[in-house]
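Participant: I'd like to ask you about the structure that follows.
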Protein chains: 2
Amino acid sequence: MNSRQQELLKEIVESYINTVRPVGSKTLCKKFKLSSATIRNEMAELEKLGYLEKNHVSSGRIPSELGYKYYVDHLMKPKELNGEEMLKLQTIFHNQQLQVSDAILECMSIISDITNYTSVVLGKSSSDNMLQQVSIIPLDHNQIIALVCTNKGVVENKKFTLPEGMYVEEIVKTCEIVNKMLIGTPINQVSERLEFEVKPVISKTIKQYETVYGIFYDAFNDFAKNSSNVFFSGKSNILKQPEFDNVEEIKKIVSKFEDESLVRKIEENGDGVHVYIGEENEFDENVTVVKSKFHVNGEEGTIAIVGPKRMEYDKVVGLLNYISEELNKNKENK
Amino acid sequence: MNSRQQELLKEIVESYINTVRPVGSKTLCKKFKLSSATIRNEMAELEKLGYLEKNHVSSGRIPSELGYKYYVDHLMKPKELNGEEMLKLQTIFHNQQLQVSDAILECMSIISDITNYTSVVLGKSSSDNMLQQVSIIPLDHNQIIALVCTNKGVVENKKFTLPEGMYVEEIVKTCEIVNKMLIGTPINQVSERLEFEVKPVISKTIKQYETVYGIFYDAFNDFAKNSSNVFFSGKSNILKQPEFDNVEEIKKIVSKFEDESLVRKIEENGDGVHVYIGEENEFDENVTVVKSKFHVNGEEGTIAIVGPKRMEYDKVVGLLNYISEELNKNKENK
DNA sequence: ATTAGCACTCCTCTTTTTTTAGTGCTAAAC
DNA sequence: GTTTAGCACTAAAAAAAGAGGAGTGCTAAT
C-alpha cells in the first residue's frame with residue numbers, strides 16, 4: 001500500500017466513522033485535489049487488498065474489518081483527553097477517600113458519558129482468590145454474620161439466624177478451626193475441603209455440627225456466587241448508534257449483555273490496551289471491544305469499552321490508555 | 001354495562017391478549033350466537049363507554065386502558081398455578097438454607113421464566129433502617145474491615161487500608177464510642193450525628209481523629225449508596241412482546257430500565273397485589289406493572305412484574321398473589 | 001331487539017416508476 | 001504512464017399507483 005492509499009484509507013475510515021455513510025469518490029476529490037476517476041482507481045485497489053468493502057455494485061465504500069484494523073495499527077494517533085475530561089478523571093484519581101473499586105466504577109460512568117459507548121468492568125473471577133480469613137460477628141442472641149475475606153481483598157458477608165438451642169460459641173470455635181485448616185485454600189476448593197477435612201474434625205467436638213457445617217458451607221457458596229462481579233455503565237448507549245437500527249439486531253445485542261457467561265469472555269489476559277474488531281472479539285461480530293487489564297492493590301480485572309465497529313478509535317484508545325496508566329500509577333498509593 | 005356487554009368485553013380483552021390482533025365483530029359471532037351487526041352495536045356502545053378503542057375507522061377494536069382495568073377488577077379470575085410452577089416455587093420456599101434475599105432472587109428468575117415478562121425487586125431504601133451495630137474486623141497489620149448492620153437486617157462491609165502509623169486500637173476504641181452513641185439512629189442521619197456529636201468526643205481521646213472519622217464517614221456513606229438495591233430478571237423479556245416492534249419504542253424502554261431513579265418509582269406502598277395499567281404507572285405508559293410489597297424478617301421491598309398492557313393478567317396476578325402470600329407466611333420461620 | 005345488506009374507509013401488500021448516488025471502463029489529455 | 005472526462009450501467013431508496021381485504025356504520029326489513 002503506497003502512502004497515497006494510506007491517506008485515502010485514513011480519510012475513508014474517519015469519514016465513515018463520522019457520517020455513517022458509505023464514502024464515494026466525489027467526496028474525496030476536494031480533499032485530495034484529484035479527479036474522482038483517480039480516486040476510484042485507488043479505491044478499487046484498496047478493495048482488492050481487502051481494506052474496503054462495498055454494499056452493492058454502485059454504493060460507496062465502507063472500511064472492512066481489516067481496514068479498521070490497519071487504521072488502528074498504523075494510521076490513527078490516540079487522542080489526548082481534553083481539559084474537561086481530564087479534570088473529571090483527575091478528581092476521581094486524586095480522591096484519597098475512594099476505594100479502588102469505587103474509583104473504577106466512577107471511571108466507567110465517565111467513560112460511557114464521554115464516549116457514548118458502553119463500558120464494562122469484570123472483576124477477577126473467584127478461582128484466583130485464596131481464603132484469607134473467616135470471621136463470625138454476633139449480632140444479637142440468635143443472629144450472626146459470617147465474613148469471608150480473600151488475599152485479593154474481596155470481602156463478602158452473609159447473615160444467619162441461628163436455630164433454637166444453638167450457641168454462638170460453637171460457631172466461633174468452628175470458625176477458629178476453619179481458619180486454622182483452610183487459610184490459603186483457593187476459594188473454589190474451600191467447599192470441598194470443608195466437607196472432607198473440616199467436617200470430620202468438628203463432628204467430634206461440636207454438638208450440632210451438621211447445622212454449623214451448613215452455615216459455613218453456605219457462606220462460602222455465596223461467596224463463589226457473588227465474586228463473579230460484572231459491572232456496566234451506559235448499557236443502552238450502544239443502541240444509540242445508528243447501525244443498531246433494526247429490531248432484531250437490537251434484541252440480539254440486548255440479550256447478549258444479559259448473558260453473563262458471554263460477557264465474561266470479554267476478560268483480557270495480555271497487558272496494555274487492546275482493540276478487538278468485529279469477528280476478532282468473542283462477544284459479538286458487529287461490535288468492537290477495547291480493553292485493558294488492571295490490577296490495583298490486590299484487586300484485578302478488566303475494563304472494557306464496547307461500541308460499534310465504526311468506533312472513534314482515537315478517542316477511545318486515548319482514554320483507555322490514560323485510565324489504565326492512572327490506575328497502575330495509583331497501585332501503591334491506595 | 002349489562003352482562004352481555006361484560007361477557008363481550010371479557011372475550012375481546014382475552015382474545016386481544018392472546019392474538020395481538022384487533023378484534024372484529026365476525027370473530028365473536030360464533031361464540032355468542034349473534035349476528036355481527038348486533039355485536040357491532042354492542043361494541044359501539046362499549047366504545048362510547050370508554051372500554052374499547054379503534055386504531056382507525058375500519059379496524060377491529062382493542063381494549064382501552066379503562067377496558068383492561070375493568071377486566072382486571074371485575075371480569076378475570078386469578079389463575080391457579082399449575083403443578084410444575086407450584087413445585088418450582090415450593091422448592092425455593094421450603095429450602096431452609098436459603099436466606100430470604102436469595103429466595104426472592106430465585107423467585108424473580110422463576111417469575112420471568114414462566115411469565116416471559118420482566119421482574120423487578122426493589123430493596124427498601126435506607127431511610128427506614130436504623131443503625132444496629134458497627135464492627136471493626138482487623139485483617140492484617142494495615143487492613144481492616146468495617147461492618148455496618150441495621151435493625152432491618154441489612155449488612156454492608158467496606159475494606160480500608162490504614163495509613164502508616166495508625167493503630168487498629170484507635171479505630172476499635174472509636175468503634176465502641178460510635179456504637180454507644182449512635183445505635184438506633186436512622187441510617188440517613190448517622191453521618192450528621194457522626195460529625196456533630198461523635199467527632200468532638202473522639203477529638204479528645206484519639207490521636208489521628210480526622211482520619212479515623214473519615215473511615216467511619218466513608219463506611220456509612222457507602223452504606224447509604226449500596227442499600228438502594230434494585231434487581232432485575234428477564235430484563236430483555238419485554239422486548240419479546242410483539243408490541244415492541246419498532247426501534248424507537250425498544251430504545252426507550254431499554255433506557256428506562258437503565259434509569260435507576262425511574263425504576264425506583266415502581267416501589268409499592270399499599271398492601272396486597274396491585275395492577276397499574278399504562279398511564280396509571282409512573283414507569284412507562286405502554287406497560288403494565290403488577291406489584292406487591294413484601295417484608296420478611298426485617299428485609300422489605302417491592303416485587304414487581306413489568307409486561308405489556310396486553311398482559312396475561314390472570315396468570316400474573318395469580319402468581320404474584322401466591323408468591324406474596326408465601327413470602328409473608330415464611331416471615332417468622334426464617 | 002336483531003339482522004341482512006350495502007356503501008364506505010383505511011390499512012396492507014404488491015407492483016411500477018422515478019430518482020439518485022455511485023460504480024467500472026474506455027479513450028483522450030497531460 | 002498517470003490522470004481525467006465521459007458514458008453506460010447498477011442497485012437502492014423513495015415515491016406513486018393499484019388491488020384486496022377486513023371491518024365499520026347506517027338503513028331498512030324481519
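In the C-alpha cells, each chain is lettered A, B, ... as it comes, each chain's residues begin at 1, and ligands are numbered from 1 in order of appearance.
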Contacts of A:His74 at 10 Å or less, counting only C-alpha atoms (C1' of nucleotides), minus same-chain residues fewer than 6 places along, as an mmCIF file with C-alpha atoms, in the first residue's frame?

Facilitator:
data_model
loop_
_atom_site.group_PDB
_atom_site.id
_atom_site.type_symbol
_atom_site.label_atom_id
_atom_site.label_comp_id
_atom_site.auth_asym_id
_atom_site.auth_seq_id
_atom_site.Cartn_x
_atom_site.Cartn_y
_atom_site.Cartn_z
ATOM 1 C CA GLN A 6 -2.822 5.067 3.243
ATOM 2 C CA LYS A 10 -7.438 7.025 6.752
ATOM 3 C CA TYR A 68 -10.299 -0.728 10.598
#

Participant: Output as an mmCIF file with C-alpha atoms (C1' of nucleotides), in the first residue's frame the set of chain C residues within 9 Å of chain B, with distances taken over only C-alpha atoms (C1' of nucleotides).

Facilitator:
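iface-v1.cif, freshly written:
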data_model
loop_
_atom_site.group_PDB
_atom_site.id
_atom_site.type_symbol
_atom_site.label_atom_id
_atom_site.label_comp_id
_atom_site.auth_asym_id
_atom_site.auth_seq_id
_atom_site.Cartn_x
_atom_site.Cartn_y
_atom_site.Cartn_z
ATOM 1 C "C1'" DT C 2 -81.988 -8.423 15.761
ATOM 2 C "C1'" DT C 3 -80.210 -8.977 11.290
ATOM 3 C "C1'" DA C 4 -79.158 -8.638 6.244
ATOM 4 C "C1'" DT C 9 -62.867 3.750 4.848
ATOM 5 C "C1'" DC C 10 -58.460 2.886 5.813
ATOM 6 C "C1'" DC C 11 -54.767 -0.301 6.103
#

Participant: Sort by chain and increasing residue number a table of all residues of chain D within 10 Å of chain A, each with its closest pair of atoms and their distance in Å to one decimal, counting only C-alpha atoms (C1' of nucleotides), and write it as a tab-separated table.

Facilitator:
residue	atom	partner	partner_atom	distance
D:DT2	C1'	A:Thr38	CA	9.0
D:DT3	C1'	A:Thr38	CA	6.6
D:DT4	C1'	A:Ser35	CA	6.4
D:DA5	C1'	A:Ala37	CA	8.8
D:DC9	C1'	A:Ser58	CA	9.3
D:DT10	C1'	A:Ser58	CA	5.7
D:DA11	C1'	A:Ser58	CA	6.3
D:DA12	C1'	A:Ser59	CA	8.6

Participant: Write out, as a PDB file, in the first residue's frame, the residues just selected, with N, CA and C atoms (P, O5', C5', C4', C3', O3' and C1' of nucleotides).

Facilitator:
ATOM      1  P    DT D   2       2.713   4.789 -13.697  1.00  0.00           P
ATOM      2  O5'  DT D   2       2.089   5.928 -12.793  1.00  0.00           O
ATOM      3  C5'  DT D   2       0.788   6.331 -13.148  1.00  0.00           C
ATOM      4  C4'  DT D   2       0.699   7.837 -13.108  1.00  0.00           C
ATOM      5  C3'  DT D   2      -0.593   8.263 -12.412  1.00  0.00           C
ATOM      6  O3'  DT D   2      -0.380   9.508 -11.781  1.00  0.00           O
ATOM      7  C1'  DT D   2      -0.660   8.878 -14.701  1.00  0.00           C
ATOM      8  P    DT D   3      -1.462   9.994 -10.770  1.00  0.00           P
ATOM      9  O5'  DT D   3      -2.520  10.707 -11.704  1.00  0.00           O
ATOM     10  C5'  DT D   3      -2.167  11.960 -12.276  1.00  0.00           C
ATOM     11  C4'  DT D   3      -3.251  12.388 -13.231  1.00  0.00           C
ATOM     12  C3'  DT D   3      -4.654  12.465 -12.607  1.00  0.00           C
ATOM     13  O3'  DT D   3      -5.066  13.812 -12.717  1.00  0.00           O
ATOM     14  C1'  DT D   3      -4.693  11.420 -14.734  1.00  0.00           C
ATOM     15  P    DT D   4      -6.372  14.282 -12.009  1.00  0.00           P
ATOM     16  O5'  DT D   4      -7.407  14.212 -13.212  1.00  0.00           O
ATOM     17  C5'  DT D   4      -7.136  14.993 -14.378  1.00  0.00           C
ATOM     18  C4'  DT D   4      -8.113  14.642 -15.464  1.00  0.00           C
ATOM     19  C3'  DT D   4      -9.584  14.673 -15.060  1.00  0.00           C
ATOM     20  O3'  DT D   4     -10.278  15.474 -15.995  1.00  0.00           O
ATOM     21  C1'  DT D   4      -9.114  12.718 -16.258  1.00  0.00           C
ATOM     22  P    DA D   5     -11.416  16.401 -15.448  1.00  0.00           P
ATOM     23  O5'  DA D   5     -12.428  16.259 -16.665  1.00  0.00           O
ATOM     24  C5'  DA D   5     -11.933  16.378 -18.000  1.00  0.00           C
ATOM     25  C4'  DA D   5     -12.763  15.510 -18.936  1.00  0.00           C
ATOM     26  C3'  DA D   5     -14.273  15.568 -18.702  1.00  0.00           C
ATOM     27  O3'  DA D   5     -14.887  15.838 -19.956  1.00  0.00           O
ATOM     28  C1'  DA D   5     -13.550  13.312 -18.814  1.00  0.00           C
ATOM     29  P    DC D   9     -25.510   0.090 -21.440  1.00  0.00           P
ATOM     30  O5'  DC D   9     -25.332  -0.185 -19.885  1.00  0.00           O
ATOM     31  C5'  DC D   9     -24.045  -0.550 -19.397  1.00  0.00           C
ATOM     32  C4'  DC D   9     -24.106  -0.674 -17.891  1.00  0.00           C
ATOM     33  C3'  DC D   9     -25.422  -1.270 -17.365  1.00  0.00           C
ATOM     34  O3'  DC D   9     -25.095  -2.325 -16.494  1.00  0.00           O
ATOM     35  C1'  DC D   9     -24.840   0.681 -16.170  1.00  0.00           C
ATOM     36  P    DT D  10     -26.270  -3.402 -16.157  1.00  0.00           P
ATOM     37  O5'  DT D  10     -26.151  -3.428 -14.585  1.00  0.00           O
ATOM     38  C5'  DT D  10     -25.678  -2.241 -13.962  1.00  0.00           C
ATOM     39  C4'  DT D  10     -25.465  -2.489 -12.499  1.00  0.00           C
ATOM     40  C3'  DT D  10     -26.648  -3.129 -11.813  1.00  0.00           C
ATOM     41  O3'  DT D  10     -26.164  -3.890 -10.724  1.00  0.00           O
ATOM     42  C1'  DT D  10     -26.462  -0.809 -11.202  1.00  0.00           C
ATOM     43  P    DA D  11     -27.138  -4.956 -10.033  1.00  0.00           P
ATOM     44  O5'  DA D  11     -27.571  -4.127  -8.749  1.00  0.00           O
ATOM     45  C5'  DA D  11     -26.543  -3.691  -7.869  1.00  0.00           C
ATOM     46  C4'  DA D  11     -27.159  -2.801  -6.835  1.00  0.00           C
ATOM     47  C3'  DA D  11     -28.443  -3.354  -6.222  1.00  0.00           C
ATOM     48  O3'  DA D  11     -28.305  -3.245  -4.822  1.00  0.00           O
ATOM     49  C1'  DA D  11     -28.824  -1.183  -7.101  1.00  0.00           C
ATOM     50  P    DA D  12     -29.403  -3.705  -3.838  1.00  0.00           P
ATOM     51  O5'  DA D  12     -29.854  -2.304  -3.249  1.00  0.00           O
ATOM     52  C5'  DA D  12     -28.846  -1.450  -2.700  1.00  0.00           C
ATOM     53  C4'  DA D  12     -29.438  -0.089  -2.513  1.00  0.00           C
ATOM     54  C3'  DA D  12     -30.701  -0.091  -1.648  1.00  0.00           C
ATOM     55  O3'  DA D  12     -30.556   0.942  -0.712  1.00  0.00           O
ATOM     56  C1'  DA D  12     -31.106   1.036  -3.687  1.00  0.00           C
TER      57       DA D  12
END

Participant: I'd like the interatomic distance between atom CA of A:Val306 and atom CA of A:Asp73, to a tenth of an Å.

Facilitator: 18.4 Å

Participant: Specify as a PyMOL selection string all residues of chain B found within 9 Å of chain A, counting only C-alpha atoms.

Facilitator: chain B and resi 97-99+132-133+135+137+139+145+147+149+153-161+214-215+218+234-237+239-240+244-248+250-251+254-255+258+334

Participant: Using DSSP on the backbone coordinates, identify all residues within stretch 39-243 of chain B classified as strand (DSSP E); present the result as a CSV table (one decimal) with C-alpha atoms, in the first residue's frame.

Facilitator:
chain,number,residue,atom,x,y,z
B,52,LEU,CA,-62.8,-0.1,23.8
B,53,GLU,CA,-60.8,1.8,21.2
B,54,LYS,CA,-60.2,1.7,17.4
B,61,ARG,CA,-61.5,-3.0,18.5
B,62,ILE,CA,-58.7,-3.2,21.1
B,63,PRO,CA,-59.3,-2.7,24.8
B,118,THR,CA,-39.6,-8.8,33.3
B,119,SER,CA,-39.4,-9.0,37.1
B,120,VAL,CA,-38.0,-6.3,39.3
B,121,VAL,CA,-37.3,-6.3,43.0
B,122,LEU,CA,-36.6,-3.1,44.9
B,123,GLY,CA,-35.0,-3.3,48.3
B,131,LEU,CA,-28.1,1.6,62.9
B,132,GLN,CA,-27.8,-1.6,65.0
B,133,GLN,CA,-24.1,-2.2,65.2
B,134,VAL,CA,-20.7,-1.2,63.7
B,135,SER,CA,-17.9,-3.7,63.9
B,136,ILE,CA,-14.3,-3.5,63.0
B,137,ILE,CA,-12.5,-6.6,61.9
B,138,PRO,CA,-8.8,-6.4,61.6
B,139,LEU,CA,-7.5,-8.3,58.6
B,140,ASP,CA,-3.7,-7.8,58.9
B,143,GLN,CA,-6.1,-3.5,56.7
B,144,ILE,CA,-9.4,-3.5,58.4
B,145,ILE,CA,-13.0,-4.2,57.5
B,146,ALA,CA,-15.8,-2.0,58.8
B,147,LEU,CA,-19.1,-3.8,59.1
B,148,VAL,CA,-22.3,-1.8,59.3
B,149,CYS,CA,-25.6,-3.6,60.4
B,150,THR,CA,-29.1,-2.2,60.7
B,155,VAL,CA,-25.4,-5.6,56.3
B,156,GLU,CA,-22.6,-3.9,54.4
B,157,ASN,CA,-18.9,-4.2,54.6
B,158,LYS,CA,-16.1,-1.9,53.5
B,159,LYS,CA,-12.4,-2.6,53.5
B,160,PHE,CA,-9.8,0.1,54.5
B,161,THR,CA,-6.1,0.3,54.2
B,230,VAL,CA,-32.5,-2.9,42.6
B,231,PHE,CA,-32.6,-6.3,40.9
B,232,PHE,CA,-33.9,-7.5,37.6
B,233,SER,CA,-34.6,-10.8,36.0

Participant: Please give the complete set of residues from stretch 174-249 of chain A that DSSP, run on the backbone, assigns to alpha helix (DSSP H), formatted as number ranges by chain.

Facilitator: A: 174-182, 190-193, 199-205, 209-226, 237-240, 247-249

Participant: For the selection just defined, write its residues with C-alpha atoms to a file, as a PDB file, in the first residue's frame.

Facilitator:
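Final output, part29.pdb:
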ATOM      1  CA  THR A 174     -15.648 -23.869  64.414  1.00  0.00           C
ATOM      2  CA  CYS A 175     -14.577 -20.620  62.857  1.00  0.00           C
ATOM      3  CA  GLU A 176     -11.199 -20.897  64.538  1.00  0.00           C
ATOM      4  CA  ILE A 177     -10.821 -24.428  63.243  1.00  0.00           C
ATOM      5  CA  VAL A 178     -11.763 -23.387  59.744  1.00  0.00           C
ATOM      6  CA  ASN A 179      -9.246 -20.580  59.850  1.00  0.00           C
ATOM      7  CA  LYS A 180      -6.528 -22.870  61.087  1.00  0.00           C
ATOM      8  CA  MET A 181      -7.171 -25.504  58.446  1.00  0.00           C
ATOM      9  CA  LEU A 182      -8.252 -23.667  55.339  1.00  0.00           C
ATOM     10  CA  VAL A 190     -12.886 -24.424  50.049  1.00  0.00           C
ATOM     11  CA  SER A 191     -16.280 -26.141  49.991  1.00  0.00           C
ATOM     12  CA  GLU A 192     -14.708 -29.464  49.199  1.00  0.00           C
ATOM     13  CA  ARG A 193     -12.051 -29.284  51.875  1.00  0.00           C
ATOM     14  CA  LYS A 199     -16.410 -31.768  58.909  1.00  0.00           C
ATOM     15  CA  PRO A 200     -14.791 -34.937  60.306  1.00  0.00           C
ATOM     16  CA  VAL A 201     -12.885 -32.796  62.797  1.00  0.00           C
ATOM     17  CA  ILE A 202     -15.775 -30.746  64.102  1.00  0.00           C
ATOM     18  CA  SER A 203     -18.054 -33.776  64.243  1.00  0.00           C
ATOM     19  CA  LYS A 204     -16.149 -34.791  67.357  1.00  0.00           C
ATOM     20  CA  THR A 205     -16.207 -31.540  69.265  1.00  0.00           C
ATOM     21  CA  TYR A 209     -22.094 -29.980  63.736  1.00  0.00           C
ATOM     22  CA  GLU A 210     -24.357 -30.594  60.759  1.00  0.00           C
ATOM     23  CA  THR A 211     -26.025 -27.210  61.153  1.00  0.00           C
ATOM     24  CA  VAL A 212     -22.766 -25.446  61.861  1.00  0.00           C
ATOM     25  CA  TYR A 213     -21.238 -27.058  58.815  1.00  0.00           C
ATOM     26  CA  GLY A 214     -24.224 -25.849  56.797  1.00  0.00           C
ATOM     27  CA  ILE A 215     -23.599 -22.256  57.832  1.00  0.00           C
ATOM     28  CA  PHE A 216     -20.004 -22.245  56.687  1.00  0.00           C
ATOM     29  CA  TYR A 217     -20.881 -24.130  53.572  1.00  0.00           C
ATOM     30  CA  ASP A 218     -23.477 -21.515  52.685  1.00  0.00           C
ATOM     31  CA  ALA A 219     -21.161 -18.639  53.402  1.00  0.00           C
ATOM     32  CA  PHE A 220     -18.512 -19.994  51.037  1.00  0.00           C
ATOM     33  CA  ASN A 221     -21.020 -20.932  48.437  1.00  0.00           C
ATOM     34  CA  ASP A 222     -22.463 -17.469  48.483  1.00  0.00           C
ATOM     35  CA  PHE A 223     -19.013 -16.071  48.097  1.00  0.00           C
ATOM     36  CA  ALA A 224     -18.350 -18.105  44.983  1.00  0.00           C
ATOM     37  CA  LYS A 225     -21.607 -16.865  43.521  1.00  0.00           C
ATOM     38  CA  ASN A 226     -21.079 -13.209  44.280  1.00  0.00           C
ATOM     39  CA  ASN A 237     -25.596   3.632  24.804  1.00  0.00           C
ATOM     40  CA  ILE A 238     -24.766   1.143  22.138  1.00  0.00           C
ATOM     41  CA  LEU A 239     -28.356   1.259  20.990  1.00  0.00           C
ATOM     42  CA  LYS A 240     -27.932   4.941  20.213  1.00  0.00           C
ATOM     43  CA  VAL A 247     -35.305  -4.631  15.820  1.00  0.00           C
ATOM     44  CA  GLU A 248     -33.614  -7.998  15.537  1.00  0.00           C
ATOM     45  CA  GLU A 249     -30.148  -6.557  15.873  1.00  0.00           C
TER      46      GLU A 249
END

Participant: Using only C-alpha atoms (C1' of nucleotides), can you tell me which of C:DC30, C:DT12, C:DT19, C:DC25 comes closest to D:DG20?

Facilitator: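 Selected residue with least distance to D:DG20: C:DT12.
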
Participant: In Å, how far is it from atom CA of A:Thr91 to atom CA of A:Lys291?

Facilitator: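 Atom CA of A:Lys291 lies 22.5 Å from atom CA of A:Thr91.
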
Participant: So what do you get for atom CA of A:Lys31 versus atom CA of A:Glu11, distance-wise?

Facilitator: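 Computed distance, atom CA of A:Lys31 to atom CA of A:Glu11, equals 9.1 Å.
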